[in-house]
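Worksheet: the structure to be examined is printed underneath.
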Amino acid sequence: MQHSKPELPVNRRDQDHPVRRHHSASYYAHRVKDSLTTRVSKLICSIFLGLLAIVGLITFILWLSLRPHRPHIFLNDFSVPALGHGGGDGGPENAQINFKVTARNSNQGIGIYYDANQVTVYYREKSVGGYQVSTPFYQQPKNSTLFASTLSGSSLTLTESQWKQILHDRSRGPVIFRLELAATIRFKISSWNSKHHRLHANCPAGLGQDGMLLPVYRDKRCSFYFY
């Protein structure tokens, strides 16, 4: 009688978890290559983003220190002497308007080109005269420019009815004119010039019975809009 060979014990773990085969050398080389590529890409991105942040910060600081400030306009003086001479009975043909306006550049390192400038005087929102500054000029940083002129003759367009209205208002209280300065300007930073901007400054001028500017209006900063 033949005896069967005893069966070898079976390892249950080997049945449940068969031994994995080792990958080839080319597989691991490819994995290492992908890992290095990813790391290099991340390093390049980090360096680029860091440089971009530094450039942005420097640009922001320069903008804060060099950003152009709009010029400030002040009404220094305004008068219609004929109003105080015999009650202004001489008529508009003998009248004249004197004014002084200051444009102040408060920028530290930025100059301003004034390429075109027009001064117009209004009474009751109707033009009574004006003139155009024919010569463009450049204003240095931290500097002021005085616009001073006299409107008379052809530059003063007062009509008889307007003059009578002014005399009538004079008898009742202050006579309020409005001076408007319209300018086309450019900012200059080192060798760079900005695009053209339009500036409109409005300066109210209240006159007493002597035709002189009332103290409350003297050296007052004018309102303006800028685009």
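Here's how to read the names in the structure tokens: chain A, B, ... by the order shown, residue numbers from 1 in each chain, ligand numbers from 1 in the order shown.
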Residue list (strand (DSSP E), DSSP) for range 24-141 of chain A, as a ChimeraX atom specification: /A:72-79,97-105,111-123,126-133,137-139
Range 37-216 of chain A: residues DSSP assigns to alpha helix (DSSP H), reported as number ranges by chain: A: 37-66, 160-170
Polymer residues at most 12 Å from Arg170 in chain A, only C-alpha atoms, same-chain spacing of 2 or more positions, as a PyMOL selection string: chain A and resi 80+82-84+87-88+163-168+172-177+206-212
Kindly export the residues of the current selection with N, CA and C atoms, as a PDB file, in the first residue's frame.
ATOM      1  N   VAL A  80     -12.952 145.586 -11.554  1.00  0.00           N
ATOM      2  CA  VAL A  80     -13.552 146.370 -12.640  1.00  0.00           C
ATOM      3  C   VAL A  80     -13.571 147.824 -12.141  1.00  0.00           C
ATOM      4  N   ALA A  82     -14.060 150.702 -13.296  1.00  0.00           N
ATOM      5  CA  ALA A  82     -15.110 151.642 -13.722  1.00  0.00           C
ATOM      6  C   ALA A  82     -16.322 151.595 -12.807  1.00  0.00           C
ATOM      7  N   LEU A  83     -16.509 150.489 -12.090  1.00  0.00           N
ATOM      8  CA  LEU A  83     -17.646 150.404 -11.177  1.00  0.00           C
ATOM      9  C   LEU A  83     -17.501 151.374 -10.005  1.00  0.00           C
ATOM     10  N   GLY A  84     -16.285 151.723  -9.654  1.00  0.00           N
ATOM     11  CA  GLY A  84     -16.070 152.635  -8.535  1.00  0.00           C
ATOM     12  C   GLY A  84     -15.837 154.066  -8.948  1.00  0.00           C
ATOM     13  N   GLY A  87     -19.883 155.715 -10.184  1.00  0.00           N
ATOM     14  CA  GLY A  87     -21.005 154.792 -10.313  1.00  0.00           C
ATOM     15  C   GLY A  87     -20.985 153.996 -11.595  1.00  0.00           C
ATOM     16  N   GLY A  88     -19.903 154.063 -12.353  1.00  0.00           N
ATOM     17  CA  GLY A  88     -19.801 153.277 -13.573  1.00  0.00           C
ATOM     18  C   GLY A  88     -20.677 153.781 -14.694  1.00  0.00           C
ATOM     19  N   TRP A 163     -23.898 145.577 -19.117  1.00  0.00           N
ATOM     20  CA  TRP A 163     -23.355 146.620 -18.244  1.00  0.00           C
ATOM     21  C   TRP A 163     -24.449 147.184 -17.322  1.00  0.00           C
ATOM     22  N   LYS A 164     -25.622 147.387 -17.863  1.00  0.00           N
ATOM     23  CA  LYS A 164     -26.727 147.888 -17.040  1.00  0.00           C
ATOM     24  C   LYS A 164     -27.103 146.872 -15.965  1.00  0.00           C
ATOM     25  N   GLN A 165     -27.058 145.587 -16.331  1.00  0.00           N
ATOM     26  CA  GLN A 165     -27.355 144.547 -15.341  1.00  0.00           C
ATOM     27  C   GLN A 165     -26.315 144.545 -14.219  1.00  0.00           C
ATOM     28  N   ILE A 166     -25.048 144.748 -14.591  1.00  0.00           N
ATOM     29  CA  ILE A 166     -23.976 144.801 -13.589  1.00  0.00           C
ATOM     30  C   ILE A 166     -24.187 145.980 -12.643  1.00  0.00           C
ATOM     31  N   LEU A 167     -24.537 147.142 -13.185  1.00  0.00           N
ATOM     32  CA  LEU A 167     -24.784 148.319 -12.345  1.00  0.00           C
ATOM     33  C   LEU A 167     -25.985 148.103 -11.430  1.00  0.00           C
ATOM     34  N   HIS A 168     -26.985 147.432 -11.957  1.00  0.00           N
ATOM     35  CA  HIS A 168     -28.170 147.151 -11.136  1.00  0.00           C
ATOM     36  C   HIS A 168     -27.807 146.211  -9.978  1.00  0.00           C
ATOM     37  N   ARG A 172     -27.342 146.529  -5.332  1.00  0.00           N
ATOM     38  CA  ARG A 172     -28.039 145.635  -4.403  1.00  0.00           C
ATOM     39  C   ARG A 172     -27.075 144.778  -3.575  1.00  0.00           C
ATOM     40  N   GLY A 173     -25.789 144.790  -3.906  1.00  0.00           N
ATOM     41  CA  GLY A 173     -24.832 143.972  -3.156  1.00  0.00           C
ATOM     42  C   GLY A 173     -23.627 143.618  -4.015  1.00  0.00           C
ATOM     43  N   PRO A 174     -22.892 142.551  -3.639  1.00  0.00           N
ATOM     44  CA  PRO A 174     -21.711 142.157  -4.408  1.00  0.00           C
ATOM     45  C   PRO A 174     -22.060 141.772  -5.851  1.00  0.00           C
ATOM     46  N   VAL A 175     -21.151 142.073  -6.735  1.00  0.00           N
ATOM     47  CA  VAL A 175     -21.275 141.713  -8.151  1.00  0.00           C
ATOM     48  C   VAL A 175     -20.388 140.484  -8.373  1.00  0.00           C
ATOM     49  N   ILE A 176     -20.983 139.370  -8.762  1.00  0.00           N
ATOM     50  CA  ILE A 176     -20.252 138.103  -8.851  1.00  0.00           C
ATOM     51  C   ILE A 176     -19.923 137.767 -10.305  1.00  0.00           C
ATOM     52  N   PHE A 177     -18.647 137.766 -10.623  1.00  0.00           N
ATOM     53  CA  PHE A 177     -18.148 137.294 -11.917  1.00  0.00           C
ATOM     54  C   PHE A 177     -17.601 135.877 -11.731  1.00  0.00           C
ATOM     55  N   GLY A 206     -16.141 137.952  -6.420  1.00  0.00           N
ATOM     56  CA  GLY A 206     -17.155 138.870  -5.922  1.00  0.00           C
ATOM     57  C   GLY A 206     -16.577 140.260  -5.723  1.00  0.00           C
ATOM     58  N   LEU A 207     -17.208 141.277  -6.340  1.00  0.00           N
ATOM     59  CA  LEU A 207     -16.716 142.654  -6.267  1.00  0.00           C
ATOM     60  C   LEU A 207     -17.628 143.502  -5.399  1.00  0.00           C
ATOM     61  N   GLY A 208     -16.995 144.434  -4.668  1.00  0.00           N
ATOM     62  CA  GLY A 208     -17.760 145.397  -3.891  1.00  0.00           C
ATOM     63  C   GLY A 208     -18.176 146.577  -4.746  1.00  0.00           C
ATOM     64  N   GLN A 209     -18.767 147.581  -4.115  1.00  0.00           N
ATOM     65  CA  GLN A 209     -19.239 148.756  -4.854  1.00  0.00           C
ATOM     66  C   GLN A 209     -18.105 149.571  -5.445  1.00  0.00           C
ATOM     67  N   ASP A 210     -16.886 149.388  -4.932  1.00  0.00           N
ATOM     68  CA  ASP A 210     -15.731 150.092  -5.498  1.00  0.00           C
ATOM     69  C   ASP A 210     -15.138 149.349  -6.689  1.00  0.00           C
ATOM     70  N   GLY A 211     -15.720 148.222  -7.053  1.00  0.00           N
ATOM     71  CA  GLY A 211     -15.223 147.459  -8.197  1.00  0.00           C
ATOM     72  C   GLY A 211     -14.020 146.592  -7.889  1.00  0.00           C
ATOM     73  N   MET A 212     -13.643 146.492  -6.603  1.00  0.00           N
ATOM     74  CA  MET A 212     -12.475 145.704  -6.203  1.00  0.00           C
ATOM     75  C   MET A 212     -12.909 144.352  -5.622  1.00  0.00           C
TER      76      MET A 212
END
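Minimum distance to Lys188 in chain A across A:Val133, A:Ile110, A:Val101, A:Leu49 (counting only C-alpha atoms) occurs at A:Ile110.
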For Leu75 in chain A: contacts at 9 Å, only C-alpha atoms, fewer than 6 positions along chain excluded, given as a PyMOL selection string: chain A and resi 99-102+179+203-205+217-222
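Among the candidate residues A:Gly111, A:Gly130, A:Pro68, A:Pro81, the one lying nearest to Ala148 in chain A is A:Gly130, with distances computed using only C-alpha atoms.
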